[in-house]
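Structure file start-v6.pdb (PDB, C-alpha atoms) follows.
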MODEL        1
ATOM      1  CA  MET A   1       5.018  -2.581 -50.697
ATOM      2  CA  ALA A   2       5.392  -0.572 -47.484
ATOM      3  CA  ARG A   3       4.108  -2.180 -44.309
ATOM      4  CA  ARG A   4       1.032  -0.477 -42.925
ATOM      5  CA  MET A   5       1.581   0.952 -39.458
ATOM      6  CA  LYS A   6      -0.418  -0.357 -36.535
ATOM      7  CA  ALA A   7      -2.540   2.195 -34.682
ATOM      8  CA  ALA A   8      -0.137   2.375 -31.731
ATOM      9  CA  GLU A   9       2.845   2.887 -34.048
ATOM     10  CA  ARG A  10       1.010   5.623 -35.954
ATOM     11  CA  ARG A  11       0.069   7.358 -32.718
ATOM     12  CA  THR A  12       3.698   7.220 -31.574
ATOM     13  CA  SER A  13       4.931   8.686 -34.856
ATOM     14  CA  ILE A  14       2.377  11.508 -34.668
ATOM     15  CA  ILE A  15       3.473  12.363 -31.128
ATOM     16  CA  ALA A  16       7.153  12.313 -32.111
ATOM     17  CA  VAL A  17       6.637  14.766 -34.966
ATOM     18  CA  ALA A  18       4.224  16.983 -33.031
ATOM     19  CA  LYS A  19       6.675  17.215 -30.136
ATOM     20  CA  ILE A  20       9.404  18.613 -32.392
ATOM     21  CA  LEU A  21       7.048  21.130 -33.978
ATOM     22  CA  PHE A  22       5.509  22.279 -30.693
ATOM     23  CA  ALA A  23       8.979  22.656 -29.190
ATOM     24  CA  ASP A  24      10.200  24.709 -32.158
ATOM     25  CA  LYS A  25       7.129  26.852 -32.822
ATOM     26  CA  GLY A  26       4.888  26.666 -29.782
ATOM     27  CA  TYR A  27       1.296  25.508 -29.598
ATOM     28  CA  HIS A  28      -0.152  28.397 -31.604
ATOM     29  CA  GLY A  29       2.603  28.330 -34.214
ATOM     30  CA  VAL A  30       1.728  24.863 -35.475
ATOM     31  CA  SER A  31      -1.369  23.735 -37.351
ATOM     32  CA  VAL A  32      -2.867  20.257 -37.482
ATOM     33  CA  ASP A  33      -2.349  20.318 -41.257
ATOM     34  CA  GLU A  34       1.380  20.958 -40.801
ATOM     35  CA  ILE A  35       1.723  18.128 -38.287
ATOM     36  CA  ALA A  36      -0.175  15.744 -40.557
ATOM     37  CA  ARG A  37       1.925  16.760 -43.558
ATOM     38  CA  ARG A  38       5.177  16.138 -41.636
ATOM     39  CA  VAL A  39       3.913  12.752 -40.435
ATOM     40  CA  GLY A  40       2.852  11.858 -43.968
ATOM     41  CA  VAL A  41      -0.842  11.354 -43.261
ATOM     42  CA  SER A  42      -4.012  13.301 -43.906
ATOM     43  CA  PRO A  43      -5.542  15.478 -41.169
ATOM     44  CA  ALA A  44      -8.434  13.003 -41.096
ATOM     45  CA  VAL A  45      -6.046  10.189 -40.125
ATOM     46  CA  LEU A  46      -4.499  12.358 -37.426
ATOM     47  CA  TYR A  47      -7.965  13.087 -36.015
ATOM     48  CA  GLN A  48      -8.609   9.351 -35.789
ATOM     49  CA  HIS A  49      -5.888   9.242 -33.132
ATOM     50  CA  PHE A  50      -6.413  12.631 -31.460
ATOM     51  CA  ALA A  51      -9.783  14.346 -31.258
ATOM     52  CA  SER A  52      -8.264  17.837 -31.388
ATOM     53  CA  LYS A  53      -5.023  19.743 -31.457
ATOM     54  CA  GLU A  54      -5.411  20.221 -27.703
ATOM     55  CA  ALA A  55      -5.669  16.456 -27.213
ATOM     56  CA  LEU A  56      -2.546  15.961 -29.311
ATOM     57  CA  TYR A  57      -0.654  18.566 -27.275
ATOM     58  CA  GLU A  58      -1.688  16.818 -24.066
ATOM     59  CA  GLY A  59      -0.583  13.495 -25.550
ATOM     60  CA  VAL A  60       2.845  14.961 -26.291
ATOM     61  CA  LEU A  61       3.171  16.343 -22.776
ATOM     62  CA  ASP A  62       2.151  13.035 -21.205
ATOM     63  CA  SER A  63       4.701  11.192 -23.323
ATOM     64  CA  ILE A  64       7.700  13.217 -22.193
ATOM     65  CA  ALA A  65       7.060  14.397 -18.646
ATOM     66  CA  ALA A  66       8.282  12.478 -15.628
ATOM     67  CA  PRO A  67       5.187  11.509 -13.617
ATOM     68  CA  ARG A  68       4.698  12.927 -10.134
ATOM     69  CA  GLU A  69       5.133   9.408  -8.732
ATOM     70  CA  THR A  70       8.727   9.360 -10.001
ATOM     71  CA  TYR A  71       9.570  12.264  -7.703
ATOM     72  CA  VAL A  72       7.947  10.469  -4.784
ATOM     73  CA  GLU A  73      10.020   7.359  -5.509
ATOM     74  CA  ALA A  74      13.171   9.474  -5.668
ATOM     75  CA  ALA A  75      12.307  11.043  -2.327
ATOM     76  CA  LEU A  76      11.822   7.659  -0.651
ATOM     77  CA  ASN A  77      14.761   5.728  -2.126
ATOM     78  CA  GLY A  78      17.832   6.689  -0.117
ATOM     79  CA  PRO A  79      18.919   8.845   2.829
ATOM     80  CA  ASP A  80      16.061  11.017   4.059
ATOM     81  CA  ASP A  81      17.940  14.216   4.919
ATOM     82  CA  PHE A  82      16.885  17.400   3.126
ATOM     83  CA  ALA A  83      19.956  17.683   0.892
ATOM     84  CA  SER A  84      19.873  14.049  -0.248
ATOM     85  CA  VAL A  85      16.161  14.003  -1.024
ATOM     86  CA  LEU A  86      16.210  17.329  -2.882
ATOM     87  CA  SER A  87      19.260  16.233  -4.870
ATOM     88  CA  ARG A  88      17.555  13.002  -5.966
ATOM     89  CA  MET A  89      14.345  14.806  -6.924
ATOM     90  CA  THR A  90      16.323  17.387  -8.874
ATOM     91  CA  HIS A  91      18.122  14.693 -10.813
ATOM     92  CA  VAL A  92      14.806  13.132 -11.846
ATOM     93  CA  PHE A  93      13.988  16.451 -13.502
ATOM     94  CA  ILE A  94      17.353  17.183 -15.097
ATOM     95  CA  ASP A  95      17.873  13.613 -16.309
ATOM     96  CA  ARG A  96      14.483  13.727 -18.051
ATOM     97  CA  VAL A  97      15.241  17.069 -19.689
ATOM     98  CA  GLU A  98      18.732  15.983 -20.721
ATOM     99  CA  GLN A  99      17.285  12.891 -22.388
ATOM    100  CA  ASP A 100      14.661  14.966 -24.175
ATOM    101  CA  PRO A 101      15.288  18.753 -24.262
ATOM    102  CA  ASP A 102      12.104  19.259 -26.302
ATOM    103  CA  TYR A 103      10.194  18.987 -23.018
ATOM    104  CA  PHE A 104      11.956  22.081 -21.683
ATOM    105  CA  ARG A 105      11.569  23.895 -25.013
ATOM    106  CA  MET A 106       7.836  23.276 -24.823
ATOM    107  CA  GLU A 107       7.791  24.696 -21.301
ATOM    108  CA  LEU A 108       9.554  27.853 -22.499
ATOM    109  CA  GLN A 109       7.199  28.163 -25.476
ATOM    110  CA  SER A 110       4.128  27.782 -23.259
ATOM    111  CA  ALA A 111       5.425  30.512 -20.938
ATOM    112  CA  LEU A 112       5.787  32.874 -23.914
ATOM    113  CA  GLU A 113       2.349  32.017 -25.311
ATOM    114  CA  GLY A 114       0.569  32.267 -21.988
ATOM    115  CA  GLY A 115      -1.676  29.247 -22.525
ATOM    116  CA  THR A 116      -3.480  28.539 -19.252
ATOM    117  CA  GLU A 117      -3.667  24.752 -19.520
ATOM    118  CA  ALA A 118      -0.066  24.326 -20.619
ATOM    119  CA  LYS A 119       1.180  26.663 -17.899
ATOM    120  CA  ARG A 120      -0.796  24.702 -15.314
ATOM    121  CA  PHE A 121       0.676  21.444 -16.615
ATOM    122  CA  PHE A 122       4.276  22.647 -16.431
ATOM    123  CA  ALA A 123       3.725  24.251 -13.031
ATOM    124  CA  SER A 124       2.433  20.929 -11.719
ATOM    125  CA  ARG A 125       5.661  19.227 -12.804
ATOM    126  CA  TRP A 126       7.596  21.540 -10.487
ATOM    127  CA  GLN A 127       5.012  21.302  -7.710
ATOM    128  CA  SER A 128       6.321  18.146  -6.032
ATOM    129  CA  ILE A 129       9.752  19.708  -5.608
ATOM    130  CA  ALA A 130       8.364  23.109  -4.594
ATOM    131  CA  ASP A 131       6.103  21.549  -1.962
ATOM    132  CA  TYR A 132       8.995  19.518  -0.589
ATOM    133  CA  ILE A 133      11.299  22.540  -0.328
ATOM    134  CA  GLU A 134       8.707  24.761   1.330
ATOM    135  CA  TYR A 135       7.617  22.125   3.858
ATOM    136  CA  SER A 136      11.207  21.139   4.677
ATOM    137  CA  LEU A 137      12.403  24.699   5.178
ATOM    138  CA  ARG A 138       9.559  25.410   7.594
ATOM    139  CA  GLU A 139      10.323  22.264   9.592
ATOM    140  CA  LEU A 140      14.097  22.753   9.567
ATOM    141  CA  ALA A 141      13.758  26.381  10.682
ATOM    142  CA  LEU A 142      11.914  25.197  13.801
ATOM    143  CA  VAL A 143      14.976  23.191  14.865
ATOM    144  CA  GLN A 144      17.430  25.862  13.649
ATOM    145  CA  ARG A 145      18.925  23.753  10.868
ATOM    146  CA  VAL A 146      18.226  26.450   8.282
ATOM    147  CA  SER A 147      17.880  30.195   8.526
ATOM    148  CA  VAL A 148      14.392  31.581   8.831
ATOM    149  CA  VAL A 149      13.653  32.431   5.190
ATOM    150  CA  ASN A 150      10.613  33.011   3.052
ATOM    151  CA  GLU A 151      10.004  29.484   1.746
ATOM    152  CA  ARG A 152       8.466  30.613  -1.538
ATOM    153  CA  THR A 153      11.347  32.958  -2.251
ATOM    154  CA  ALA A 154      13.810  30.163  -1.488
ATOM    155  CA  THR A 155      11.906  27.856  -3.829
ATOM    156  CA  LEU A 156      12.070  30.495  -6.549
ATOM    157  CA  LEU A 157      15.828  30.716  -6.011
ATOM    158  CA  TYR A 158      16.114  26.941  -6.405
ATOM    159  CA  GLN A 159      14.002  26.897  -9.569
ATOM    160  CA  GLY A 160      15.973  29.762 -11.075
ATOM    161  CA  LEU A 161      19.267  27.970 -10.470
ATOM    162  CA  ILE A 162      18.091  24.675 -11.945
ATOM    163  CA  ARG A 163      16.247  26.204 -14.897
ATOM    164  CA  GLU A 164      19.280  28.298 -15.811
ATOM    165  CA  ALA A 165      21.556  25.248 -15.684
ATOM    166  CA  VAL A 166      19.206  23.303 -17.964
ATOM    167  CA  TYR A 167      18.801  26.290 -20.272
ATOM    168  CA  ASN A 168      22.546  26.755 -20.679
ATOM    169  CA  LYS A 169      23.410  23.071 -21.048
ATOM    170  CA  CYS A 170      20.436  21.665 -22.975
ATOM    171  CA  ILE A 171      19.061  24.592 -24.978
ATOM    172  CA  LEU A 172      21.923  27.028 -25.593
ATOM    173  CA  ASN A 173      24.712  24.435 -25.451
ATOM    174  CA  SER A 174      26.748  27.253 -23.947
ATOM    175  CA  GLU A 175      30.504  27.188 -24.549
ATOM    176  CA  ARG A 176      30.928  28.770 -21.121
ATOM    177  CA  TYR A 177      29.872  25.526 -19.402
ATOM    178  CA  LYS A 178      31.140  23.075 -22.003
ATOM    179  CA  GLU A 179      33.709  21.505 -19.677
ATOM    180  CA  VAL A 180      31.209  20.640 -16.943
ATOM    181  CA  THR A 181      28.403  18.079 -17.139
ATOM    182  CA  LEU A 182      24.853  19.081 -16.340
ATOM    183  CA  GLN A 183      24.948  16.768 -13.312
ATOM    184  CA  GLU A 184      28.089  18.428 -11.940
ATOM    185  CA  LEU A 185      26.782  21.920 -12.634
ATOM    186  CA  VAL A 186      23.560  21.109 -10.807
ATOM    187  CA  ARG A 187      25.501  19.583  -7.902
ATOM    188  CA  GLN A 188      27.448  22.833  -7.503
ATOM    189  CA  LEU A 189      24.285  24.936  -7.755
ATOM    190  CA  LEU A 190      22.574  22.813  -5.128
ATOM    191  CA  GLN A 191      25.515  23.409  -2.816
ATOM    192  CA  LEU A 192      25.063  27.144  -3.332
ATOM    193  CA  PHE A 193      21.353  26.801  -2.599
ATOM    194  CA  PHE A 194      21.971  24.884   0.633
ATOM    195  CA  HIS A 195      24.525  27.525   1.631
ATOM    196  CA  ALA A 196      22.065  30.317   0.847
ATOM    197  CA  VAL A 197      19.455  28.891   3.236
ATOM    198  CA  ASP A 198      22.208  28.125   5.791
ATOM    199  CA  TYR A 199      21.356  24.428   5.819
ATOM    200  CA  LYS A 200      23.008  22.403   8.575
ATOM    201  CA  ALA A 201      23.067  18.676   7.871
TER     202      ALA A 201
ENDMDL
END
Let me see the file written as structure tokens.
Amino acid sequence: MARRMKAAERRTSIIAVAKILFADKGYHGVSVDEIARRVGVSPAVLYQHFASKEALYEGVLDSIAAPRETYVEAALNGPDDFASVLSRMTHVFIDRVEQDPDYFRMELQSALEGGTEAKRFFASRWQSIADYIEYSLRELALVQRVSVVNERTATLLYQGLIREAVYNKCILNSERYKEVTLQELVRQLLQLFFHAVDYKA
């Protein structure tokens, strides 16, 4: 006779299955019935753990996203120069995505679907890094350690570089970058970013 799952185990199994489906099909492409069927429970059992599909989606996001505090810890643990701090914060993000690419797939799906709450959630996960870059560039420009640049444009450049690296390595598994690790690719891209803003250590 099969052992009956505890509530916490059942919740974990529901999240694991829902994450795969949301990553593959997006929020609107998946029904509660489909998730329940893949988990092997009835929709009624699923609703015992999550009040709605929205609540389940939020539960999936919370289970896979690095908390904001992790970025703060990365910023504080080590040398405090701009390049070192930004590199550590970036690696928090890429390490999380490399461990679980479904997180990034869900971000791409939410961008395509245009869901307000999901977009806000994913934007907030970039916000710690964006705020740090914009504040640092303003301060460094005052002492002529970077060029005077539009901070938001520079932040967009950074995000584009990092997103593209993750996309090629974790989603496409591109043959073009097969010989280089994600960490090394990101290190090289960060160097290009620091060069672009004319950063002087």
Translate the PyMOL selection byres ((chain A and resi 194) around 12), as applied to the file shown, into an explicit residue set as a short mmCIF file (atom, residue, chain, number, x, y, z; two decimals) with C-alpha atoms, in the coordinates of the input.
data_model
loop_
_atom_site.label_atom_id
_atom_site.label_comp_id
_atom_site.auth_asym_id
_atom_site.auth_seq_id
_atom_site.Cartn_x
_atom_site.Cartn_y
_atom_site.Cartn_z
CA PHE A 82 16.89 17.40 3.13
CA ALA A 83 19.96 17.68 0.89
CA SER A 84 19.87 14.05 -0.25
CA LEU A 86 16.21 17.33 -2.88
CA SER A 87 19.26 16.23 -4.87
CA ILE A 133 11.30 22.54 -0.33
CA LEU A 137 12.40 24.70 5.18
CA ARG A 145 18.92 23.75 10.87
CA VAL A 146 18.23 26.45 8.28
CA SER A 147 17.88 30.20 8.53
CA ALA A 154 13.81 30.16 -1.49
CA THR A 155 11.91 27.86 -3.83
CA LEU A 157 15.83 30.72 -6.01
CA TYR A 158 16.11 26.94 -6.40
CA LEU A 161 19.27 27.97 -10.47
CA ARG A 187 25.50 19.58 -7.90
CA GLN A 188 27.45 22.83 -7.50
CA LEU A 189 24.28 24.94 -7.76
CA LEU A 190 22.57 22.81 -5.13
CA GLN A 191 25.52 23.41 -2.82
CA LEU A 192 25.06 27.14 -3.33
CA PHE A 193 21.35 26.80 -2.60
CA HIS A 195 24.52 27.52 1.63
CA ALA A 196 22.06 30.32 0.85
CA VAL A 197 19.45 28.89 3.24
CA ASP A 198 22.21 28.12 5.79
CA TYR A 199 21.36 24.43 5.82
CA LYS A 200 23.01 22.40 8.57
CA ALA A 201 23.07 18.68 7.87
#
Exercise for review: Compile the contact shell of Leu182 in chain A as an MDAnalysis selection string: residues with an atom at most 12 Å away, counting only C-alpha atoms, same-chain residues fewer than 3 positions apart removed.
Suggested key: chainID A and resid 90:91 93:99 162:171 173:174 177:179 185:189
Prev. selection, C-alpha atoms, output as a tab-separated table (two decimals), keeping the file's coordinate frame:
chain	number	residue	atom	x	y	z
A	90	THR	CA	16.32	17.39	-8.87
A	91	HIS	CA	18.12	14.69	-10.81
A	93	PHE	CA	13.99	16.45	-13.50
A	94	ILE	CA	17.35	17.18	-15.10
A	95	ASP	CA	17.87	13.61	-16.31
A	96	ARG	CA	14.48	13.73	-18.05
A	97	VAL	CA	15.24	17.07	-19.69
A	98	GLU	CA	18.73	15.98	-20.72
A	99	GLN	CA	17.28	12.89	-22.39
A	162	ILE	CA	18.09	24.68	-11.94
A	163	ARG	CA	16.25	26.20	-14.90
A	164	GLU	CA	19.28	28.30	-15.81
A	165	ALA	CA	21.56	25.25	-15.68
A	166	VAL	CA	19.21	23.30	-17.96
A	167	TYR	CA	18.80	26.29	-20.27
A	168	ASN	CA	22.55	26.76	-20.68
A	169	LYS	CA	23.41	23.07	-21.05
A	170	CYS	CA	20.44	21.66	-22.98
A	171	ILE	CA	19.06	24.59	-24.98
A	173	ASN	CA	24.71	24.44	-25.45
A	174	SER	CA	26.75	27.25	-23.95
A	177	TYR	CA	29.87	25.53	-19.40
A	178	LYS	CA	31.14	23.08	-22.00
A	179	GLU	CA	33.71	21.50	-19.68
A	185	LEU	CA	26.78	21.92	-12.63
A	186	VAL	CA	23.56	21.11	-10.81
A	187	ARG	CA	25.50	19.58	-7.90
A	188	GLN	CA	27.45	22.83	-7.50
A	189	LEU	CA	24.28	24.94	-7.76
**Study point:** Counting only C-alpha atoms, the option among A:Glu73, A:Glu113, A:Asp100, A:Glu175 closest to Ser128 in chain A
**Key:** A:Glu73
Practice item. Fewer than 2 positions away in the same chain doesn't count, so skip those; otherwise give me all residues within 7 Å of Gly26 in chain A, counting all atoms listed in the file, as a list in words. Key: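 Near neighbours after the sequence-gap exclusion: Phe22, Ala23, Asp24, His28, Gly29, Val30, Met106, Gln109 and Ser110 of chain A.
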Exercise for review: Have a look at A:Ile20, A:Leu61, A:Ala55, A:Val72 and name the one nearest to Arg38 in chain A; count all atoms listed in the file.
Suggested key: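 Of A:Ile20, A:Leu61, A:Ala55, A:Val72, the one nearest Arg38 in chain A, counting all atoms listed in the file, is A:Ile20.
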Practice item. Would you mind telling me which residue in A:Tyr103, A:Tyr132, A:Phe121, A:Trp126 lies nearest to Ile64 in chain A when using all atoms listed in the file? Key: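 Under the stated criterion, the closest residue is A:Tyr103.
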Check your understanding: For Asp62 in chain A, which residue among A:Leu140, A:Ala8, A:Ile15, A:Val149 is the nearest when counting all atoms listed in the file?
Key ->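 Checking each candidate against Asp62 in chain A, we get A:Ile15 as the closest.
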**Study point:** Residue nearest Lys25 in chain A - candidates A:Ala51, A:Ala44, A:Gly59, A:Asp102, atoms counted: only C-alpha atoms
**Key:**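 Ranked by minimum distance to Lys25 in chain A, first place goes to A:Asp102.
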**Study point:** Straight-line distance linking CA of Arg88 in chain A with CA of Leu76 in chain A, stated in Å to one decimal
**Key:** 9.5 Å
Exercise for review: Find, counting only C-alpha atoms, the residue in A:Val39, A:Glu58, A:Tyr27, A:Asp131 that gets nearest to Glu9 in chain A.
Suggested key: A:Val39
Review point. Separation of CA of Lys6 in chain A and CA of Lys19 in chain A, in Å?
Key: 20.0 Å
I'd like the box whose edges run along x, y and z of the file and which contains every listed atom of range 10-29 of chain A, padded by 8 Å per side; could you state its centre and edge lengths in Å, one decimal, as lines of an AutoDock Vina configuration file?
center_x = 5.0
center_y = 17.0
center_z = -32.6
size_x = 26.4
size_y = 38.8
size_z = 22.8
Practice item. Could you tell me how far CA of Lys119 in chain A lies from CA of Ser63 in chain A, in Å and to one decimal? Key: 16.8 Å
Exercise for review: Write out as a PyMOL selection string the residues lying within 12 Å of Gln48 in chain A, counting only C-alpha atoms and excluding same-chain residues fewer than 6 positions away.
Suggested key: chain A and resi 7-8+10-11+14+36+41-42+55-56
